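Student: Structure provided below as structure tokens; questions to follow.
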Amino acid sequence: MIVTQALTLLVALWSDRQNSEQALKTQAQSSLEQLVRVTSDNVRSYLQSAAQIVQVNRANMASGLISADDPSGQLMNFQALLDSVPQLNGVLVGHADGRFTFARRDGPDNTERFTRVIEVRPERRVLTSTYNQTGTLTSQSSEPNDYDPRTRPWFTLAQQKPGAVVWTEPYIFASSGQPGVTVASSLGTPGGSLVIGADVQLRQLADFLTGVQISANGRAFITDAGGHAIATSRAWPGEPGIGVPLLSEVADPALRALLDDRGLPVTHEGPHWYEVNGQQFAAVLRPVEVQPGVNWMVGVYAPTTDFTAGLNGSRSPLLFVLLVSLGGSLLAWPIVLRATRPLAELQRQATTDYLTGLPNRASFMAQLNETLRDPPHGAALGVAMFDLDGFKQVNDTFGHHAGDEVLHAVGARMLAALRVGDTLGRLGGDEFALLIQANSREEVRLRVEGVLDAIARRPIIVDGVSHELASTAGLAFHDTGTRTTHTTEPRAESSAQLISRADTALIRGKRREKGRVWVEGEVTMPTLFR
């Protein structure tokens with residue numbers, strides 16, 4: 001990328017020495033087109049993540065991996081999504097009877113969480129909670145709230161197009177008061193229809209555009225099919241209206257010249273050169289297909305003096321040089337990404353289980369080692385080993401394909417049952433490991449039992465065949481130090497030792513009774529043969 005920038009700067013300076021306006025104009029066109037192309041690709045990728053999350057949640061609810069009637073399980077899943085997908089602002093589910101489950105980012109740096117659950121049976125109840133960045137509950141309220149998901153734009157639009165993924169026009173979010181858009185999809189279930197959605201705040205897109213501003217007098221902007229002023233690289237000159245304004249309400253004269261009678265930008269093939277109040281401008285507009293049938297638009301415009309200054313010796317060509325350098329940097333990014341993608345893929349393969357997408361043995365052990373180097377003070381730290389009961393029979397009877405599908409489904413169910421901060425990994429075969437921090441040992445045990453319940457709650461269906469599966473877990477707790485036989489000084493416990501103790505509890509426990517949690521020490525040698 002540095003070489004590309006250097007070459008681009010040399011080309012820019014050579015063009016300036018040639019004092020050729022046409023050459024500068026050609027370079028400006030190329031830079032504008034490249035800037036819009038890169039911006040469009042990033043905006044599309046940014047927005048499509050929300051649509052993909054909605055599709056994944058819809059598929060998980062349709063298959064029963066996430067229960068439509070279990071708000072606590074939904075919130076665990078939502079929390080995990082918010083932790084792993086930075087594009088999301090919130091995730092939600094609304095029911096036709098008025099029930100509602102919602103989680104969103106909160107706090108000045110978006111590291112905190114806000115959740116709301118509305119139940120309607122046997123009577124209406126509202127529970128609003130906030131959590132700090134460590135996942136600790138900081139406040140909770142059961143005050144009445146008249147929010148009804150069925151009246152919101154995302155719900156009504158999704159119900160009008162059953163099964164389709166839809167995008168709302170920009171509107172003000174009820175919980176945060178911030179402008180945004182929601183992508184949603186409806187799903188029919190035996191208990192009634194529901195709508196799954198994901199929120200994207202517009203200020204996140206505005207923050208993104210700020211990083212691609214082309215000059216002090218230019219502007220990059222994003223609009224939708226309705227002509228809304230979704231985001232801009234610098235503040236709009238007009239007064240914003242109520243809610244999300246239209247471009248026609250806030251546009252400066254240079255942008256207004258690009259709008260048609262309906263207030264929508266008119267697309268042109270390639271760069272568009274035009275004049276406003278005696279000053280020449282250049283603009284590039286590019287449609288962005290967020291998904292089939294949903295089109296937004298990215299535009300960039302600026303006065304040509306930002307590109308051609310210095311031709312008559314009155315101004316420095318620095319702005320143009322910087323612009324072309326920026327274009328070269330953006331052009332180089334795909335090259336850099338292509339060069340590093342194999343390394344990133346190798347890193348992913350080295351740390352991720354190919355079948356379930358969970359951390360593999362090496363990755364889990366590395367996380368456990370890191371935690372043991374600086375264990376939490378005043379909290380309980382436990383490791384649980386899980387073994388699937390009946391998995392060998394599935395593999396032997398229905399083949400490895402069915403076994404792989406079962407393992408994938410089990411991994412998804414376990415992941416959905418976790419809390420923020422828990423670490424789950426697949427060590428191999430049907431063996432999973434879980435690292436949990438909680439306020440007490442009893443809470444750790446209850447959370448492990450919750451994972452077992454999530455596995456056994458419903459049969460797993462593969463190719464039309466129902467498989468009843470359960471799991472047994474062995475649980476061991478970390479002690480801050482153990483004493484050797486020759487000294488009273490405590491020594492740190494290794495990750496291998498902690499895993500071994502949990503595995504021993506699992507093996508001994510399975511001899512007594514399957515389908516439950518066995519804590520280290522519950523089964524001793526004299527009781528094994530009772």
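Letters for chains follow the order of the structure tokens (A, B, ...), residue numbers begin at 1 for each chain, and ligand numbers begin at 1 in the order shown.
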With a distance cut-off of 7 Å and only C-alpha atoms, select the neighbouring residues of Gly197 in chain A, excluding the residue or stretch itself and same-chain residues fewer than 4 positions from it, and output the selection as an mmCIF file with N, CA and C atoms, in the first residue's frame.
Tutor:
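selection.cif, written as the output of this step:
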data_model
loop_
_atom_site.group_PDB
_atom_site.id
_atom_site.type_symbol
_atom_site.label_atom_id
_atom_site.label_comp_id
_atom_site.auth_asym_id
_atom_site.auth_seq_id
_atom_site.Cartn_x
_atom_site.Cartn_y
_atom_site.Cartn_z
ATOM 1 N N VAL A 54 -30.697 -11.528 10.868
ATOM 2 C CA VAL A 54 -32.139 -11.788 10.899
ATOM 3 C C VAL A 54 -32.446 -13.145 10.267
ATOM 4 N N VAL A 91 -31.161 -6.255 18.652
ATOM 5 C CA VAL A 91 -31.807 -7.448 18.111
ATOM 6 C C VAL A 91 -33.127 -7.627 18.848
ATOM 7 N N LEU A 92 -34.174 -8.074 18.134
ATOM 8 C CA LEU A 92 -35.506 -8.082 18.746
ATOM 9 C C LEU A 92 -36.395 -9.170 18.162
ATOM 10 N N VAL A 93 -37.432 -9.510 18.935
ATOM 11 C CA VAL A 93 -38.498 -10.407 18.497
ATOM 12 C C VAL A 93 -39.818 -9.851 19.017
ATOM 13 N N THR A 182 -34.511 -0.617 10.593
ATOM 14 C CA THR A 182 -34.646 -1.974 11.092
ATOM 15 C C THR A 182 -34.860 -2.910 9.922
ATOM 16 N N VAL A 183 -34.130 -4.014 9.926
ATOM 17 C CA VAL A 183 -34.348 -5.093 8.957
ATOM 18 C C VAL A 183 -35.085 -6.208 9.704
ATOM 19 N N ALA A 184 -36.122 -6.768 9.079
ATOM 20 C CA ALA A 184 -36.989 -7.700 9.805
ATOM 21 C C ALA A 184 -37.557 -8.747 8.873
ATOM 22 N N SER A 185 -38.049 -9.838 9.475
ATOM 23 C CA SER A 185 -38.700 -10.902 8.720
ATOM 24 C C SER A 185 -39.700 -11.598 9.626
#
Student: Write out as a VMD selection string each polymer residue whose atoms come within 9 Å of Asn369 in chain A, counting only C-alpha atoms; drop sequence neighbours fewer than 6 positions from it.
Tutor: chain A and resid 494 to 496
Student: Which residues, written as a count of residues only, have at least one atom at most 8 Å from range 395-412 of chain A, with only C-alpha atoms counted and residues fewer than 6 positions away on the same chain left out?
Tutor: 9
Student: As a PDB file with all heavy atoms, in the first residue's frame, please: the residues near Asn145 in chain A (cut-off 10 Å, only C-alpha atoms, same-chain neighbours under 6 positions excluded).
Tutor:
ATOM      1  N   ILE A 118     -41.344  -7.978  27.416  1.00  0.00           N
ATOM      2  CA  ILE A 118     -42.759  -7.715  27.687  1.00  0.00           C
ATOM      3  C   ILE A 118     -43.518  -9.032  27.582  1.00  0.00           C
ATOM      4  O   ILE A 118     -43.477  -9.695  26.541  1.00  0.00           O
ATOM      5  CB  ILE A 118     -43.343  -6.686  26.695  1.00  0.00           C
ATOM      6  CG1 ILE A 118     -42.609  -5.348  26.813  1.00  0.00           C
ATOM      7  CG2 ILE A 118     -44.845  -6.494  26.950  1.00  0.00           C
ATOM      8  CD1 ILE A 118     -43.080  -4.306  25.815  1.00  0.00           C
ATOM      9  N   ARG A 124     -50.156  -8.345  31.643  1.00  0.00           N
ATOM     10  CA  ARG A 124     -49.049  -7.634  31.018  1.00  0.00           C
ATOM     11  C   ARG A 124     -47.967  -7.302  32.052  1.00  0.00           C
ATOM     12  O   ARG A 124     -48.264  -6.732  33.104  1.00  0.00           O
ATOM     13  CB  ARG A 124     -49.547  -6.350  30.354  1.00  0.00           C
ATOM     14  CG  ARG A 124     -48.441  -5.553  29.658  1.00  0.00           C
ATOM     15  CD  ARG A 124     -48.997  -4.299  29.008  1.00  0.00           C
ATOM     16  NE  ARG A 124     -47.935  -3.454  28.476  1.00  0.00           N
ATOM     17  CZ  ARG A 124     -47.391  -3.575  27.275  1.00  0.00           C
ATOM     18  NH1 ARG A 124     -47.846  -4.527  26.469  1.00  0.00           N
ATOM     19  NH2 ARG A 124     -46.428  -2.778  26.876  1.00  0.00           N
ATOM     20  N   ARG A 125     -46.721  -7.679  31.738  1.00  0.00           N
ATOM     21  CA  ARG A 125     -45.589  -7.391  32.615  1.00  0.00           C
ATOM     22  C   ARG A 125     -44.429  -6.891  31.749  1.00  0.00           C
ATOM     23  O   ARG A 125     -44.166  -7.438  30.673  1.00  0.00           O
ATOM     24  CB  ARG A 125     -45.149  -8.641  33.390  1.00  0.00           C
ATOM     25  CG  ARG A 125     -46.226  -9.249  34.250  1.00  0.00           C
ATOM     26  CD  ARG A 125     -45.699 -10.409  35.085  1.00  0.00           C
ATOM     27  NE  ARG A 125     -45.001 -11.416  34.278  1.00  0.00           N
ATOM     28  CZ  ARG A 125     -45.610 -12.358  33.572  1.00  0.00           C
ATOM     29  NH1 ARG A 125     -46.940 -12.429  33.568  1.00  0.00           N
ATOM     30  NH2 ARG A 125     -44.920 -13.251  32.890  1.00  0.00           N
ATOM     31  N   VAL A 126     -43.732  -5.874  32.255  1.00  0.00           N
ATOM     32  CA  VAL A 126     -42.595  -5.297  31.536  1.00  0.00           C
ATOM     33  C   VAL A 126     -41.377  -5.353  32.453  1.00  0.00           C
ATOM     34  O   VAL A 126     -41.438  -4.914  33.605  1.00  0.00           O
ATOM     35  CB  VAL A 126     -42.871  -3.835  31.118  1.00  0.00           C
ATOM     36  CG1 VAL A 126     -41.662  -3.261  30.382  1.00  0.00           C
ATOM     37  CG2 VAL A 126     -44.115  -3.751  30.249  1.00  0.00           C
ATOM     38  N   LEU A 127     -40.271  -5.897  31.958  1.00  0.00           N
ATOM     39  CA  LEU A 127     -39.029  -5.953  32.730  1.00  0.00           C
ATOM     40  C   LEU A 127     -37.916  -5.314  31.905  1.00  0.00           C
ATOM     41  O   LEU A 127     -37.556  -5.810  30.834  1.00  0.00           O
ATOM     42  CB  LEU A 127     -38.660  -7.401  33.068  1.00  0.00           C
ATOM     43  CG  LEU A 127     -37.407  -7.575  33.942  1.00  0.00           C
ATOM     44  CD1 LEU A 127     -37.624  -6.936  35.310  1.00  0.00           C
ATOM     45  CD2 LEU A 127     -37.040  -9.046  34.086  1.00  0.00           C
ATOM     46  N   THR A 128     -37.387  -4.191  32.391  1.00  0.00           N
ATOM     47  CA  THR A 128     -36.316  -3.461  31.716  1.00  0.00           C
ATOM     48  C   THR A 128     -35.046  -3.570  32.548  1.00  0.00           C
ATOM     49  O   THR A 128     -35.073  -3.309  33.755  1.00  0.00           O
ATOM     50  CB  THR A 128     -36.692  -1.984  31.526  1.00  0.00           C
ATOM     51  OG1 THR A 128     -37.899  -1.900  30.763  1.00  0.00           O
ATOM     52  CG2 THR A 128     -35.592  -1.238  30.796  1.00  0.00           C
TER      53      THR A 128
END
Student: Which residues are close to Glu522 in chain A, i.e. within 9 Å by only C-alpha atoms, leaving aside same-chain residues fewer than 2 positions away? Reply as a list in words.
Tutor: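 Skipping anything fewer than 2 positions along the chain leaves Ala505, Gly509, Trp518, Val519, Glu520 and Thr524 of chain A.
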Student: Can you write just those residues out, C-alpha atoms, as an mmCIF file, in the first residue's frame?
Tutor:
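Once written, part03.cif looks like this:
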data_model
loop_
_atom_site.group_PDB
_atom_site.id
_atom_site.type_symbol
_atom_site.label_atom_id
_atom_site.label_comp_id
_atom_site.auth_asym_id
_atom_site.auth_seq_id
_atom_site.Cartn_x
_atom_site.Cartn_y
_atom_site.Cartn_z
ATOM 1 C CA ALA A 505 -15.718 -35.971 37.603
ATOM 2 C CA GLY A 509 -20.304 -39.520 37.360
ATOM 3 C CA TRP A 518 -21.413 -34.144 38.580
ATOM 4 C CA VAL A 519 -19.257 -31.816 40.665
ATOM 5 C CA GLU A 520 -15.758 -33.006 41.514
ATOM 6 C CA THR A 524 -15.579 -41.037 45.452
#
Student: Check the DSSP output for the backbone and give back, as a PyMOL selection string, the residues of range 29-161 of chain A in strand (DSSP E).
Tutor: chain A and resi 90-95+100-106+112-119+125-131+137-141
Student: When distances are computed from only C-alpha atoms, which of A:Leu381, A:Ala220, A:Val120, A:Leu75 shows the smallest separation from Asp148 in chain A?
Tutor: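 Using only C-alpha atoms, the shortest distance to Asp148 in chain A belongs to A:Val120.
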Student: Give the alpha helix (DSSP H) residues of range 358-447 of chain A, as DSSP finds them on the backbone, and put them as a PyMOL selection string.
Tutor: chain A and resi 361-373+391-398+400-416+441-447
Student: Which residues come within 7 Å of His228 in chain A, counting only C-alpha atoms, excluding same-chain residues fewer than 4 positions away, as a ChimeraX atom specification?
Tutor: /A:223-224,244-247
Student: Excluding same-chain residues fewer than 5 positions from Phe432 in chain A, what lies within 6 Å of it counting only C-alpha atoms, as a ChimeraX atom specification?
Tutor: /A:385-386,425-427
Student: For the residues in that selection, give me C-alpha atoms as a JSON list (two decimals), in the first residue's frame.
Tutor:
[["chain", "number", "residue", "atom", "x", "y", "z"],
["A", 385, "MET", "CA", -16.63, -31.13, 30.52],
["A", 386, "PHE", "CA", -19.62, -32.38, 28.48],
["A", 425, "GLY", "CA", -15.15, -25.01, 22.96],
["A", 426, "ARG", "CA", -15.27, -28.36, 21.21],
["A", 427, "LEU", "CA", -12.29, -30.48, 22.23]]
Student: Take CA of Ala206 in chain A and CA of Ile53 in chain A and report the distance between them in Å, one decimal.
Tutor: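 Separation of CA of Ala206 in chain A and CA of Ile53 in chain A: 21.7 Å.
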Student: Between CA of Ile222 in chain A and CA of Val298 in chain A, what is the spacing in Å?
Tutor: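 That distance, rounded to one decimal, is 4.6 Å.
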Student: In terms of the shortest atom-to-atom distance over only C-alpha atoms, which of A:Ser139, A:Thr151, A:Ser129, A:Asn89 is closest to Arg203 in chain A?
Tutor: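 When distances to Arg203 in chain A are compared using only C-alpha atoms, the smallest one comes from A:Asn89.
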Student: To one decimal place, how far is CA of Ala384 in chain A from CA of Gly474 in chain A in Å?
Tutor: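 So the answer is 5.4 Å.
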Student: Within 10 Å of range 251-272 of chain A, which residues of range 282-304 of chain A come that close, and what is the closest atom pair and distance in Å for each? Count only C-alpha atoms and give it as JSON lines.
Tutor:
{"residue": "A:Ala282", "atom": "CA", "partner": "A:His272", "partner_atom": "CA", "distance": 5.6}
{"residue": "A:Ala283", "atom": "CA", "partner": "A:His272", "partner_atom": "CA", "distance": 5.1}
{"residue": "A:Val284", "atom": "CA", "partner": "A:Pro271", "partner_atom": "CA", "distance": 4.8}
{"residue": "A:Leu285", "atom": "CA", "partner": "A:Thr267", "partner_atom": "CA", "distance": 5.8}
{"residue": "A:Arg286", "atom": "CA", "partner": "A:Thr267", "partner_atom": "CA", "distance": 7.2}
{"residue": "A:Pro287", "atom": "CA", "partner": "A:Thr267", "partner_atom": "CA", "distance": 8.2}
{"residue": "A:Met297", "atom": "CA", "partner": "A:Pro265", "partner_atom": "CA", "distance": 8.4}
{"residue": "A:Val298", "atom": "CA", "partner": "A:Pro265", "partner_atom": "CA", "distance": 9.8}
{"residue": "A:Gly299", "atom": "CA", "partner": "A:Pro265", "partner_atom": "CA", "distance": 8.6}
{"residue": "A:Val300", "atom": "CA", "partner": "A:Leu255", "partner_atom": "CA", "distance": 9.5}
{"residue": "A:Tyr301", "atom": "CA", "partner": "A:Leu255", "partner_atom": "CA", "distance": 7.7}
{"residue": "A:Ala302", "atom": "CA", "partner": "A:Ala254", "partner_atom": "CA", "distance": 8.3}
{"residue": "A:Pro303", "atom": "CA", "partner": "A:Ala254", "partner_atom": "CA", "distance": 8.6}
Student: Okay, now the selection with C-alpha atoms, as an mmCIF file, in the first residue's frame?
Tutor:
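To be explicit, this is the file written out as out-v1.cif:
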data_model
loop_
_atom_site.group_PDB
_atom_site.id
_atom_site.type_symbol
_atom_site.label_atom_id
_atom_site.label_comp_id
_atom_site.auth_asym_id
_atom_site.auth_seq_id
_atom_site.Cartn_x
_atom_site.Cartn_y
_atom_site.Cartn_z
ATOM 1 C CA ALA A 282 -17.945 17.230 -9.863
ATOM 2 C CA ALA A 283 -20.174 14.447 -8.530
ATOM 3 C CA VAL A 284 -20.369 10.658 -8.657
ATOM 4 C CA LEU A 285 -23.528 8.801 -7.597
ATOM 5 C CA ARG A 286 -23.665 5.035 -7.241
ATOM 6 C CA PRO A 287 -26.650 2.774 -6.356
ATOM 7 C CA MET A 297 -27.408 5.331 -2.976
ATOM 8 C CA VAL A 298 -23.950 6.658 -2.113
ATOM 9 C CA GLY A 299 -22.884 10.002 -3.530
ATOM 10 C CA VAL A 300 -19.786 12.207 -3.487
ATOM 11 C CA TYR A 301 -19.577 15.796 -4.758
ATOM 12 C CA ALA A 302 -17.071 18.645 -4.447
ATOM 13 C CA PRO A 303 -16.068 21.863 -6.240
#
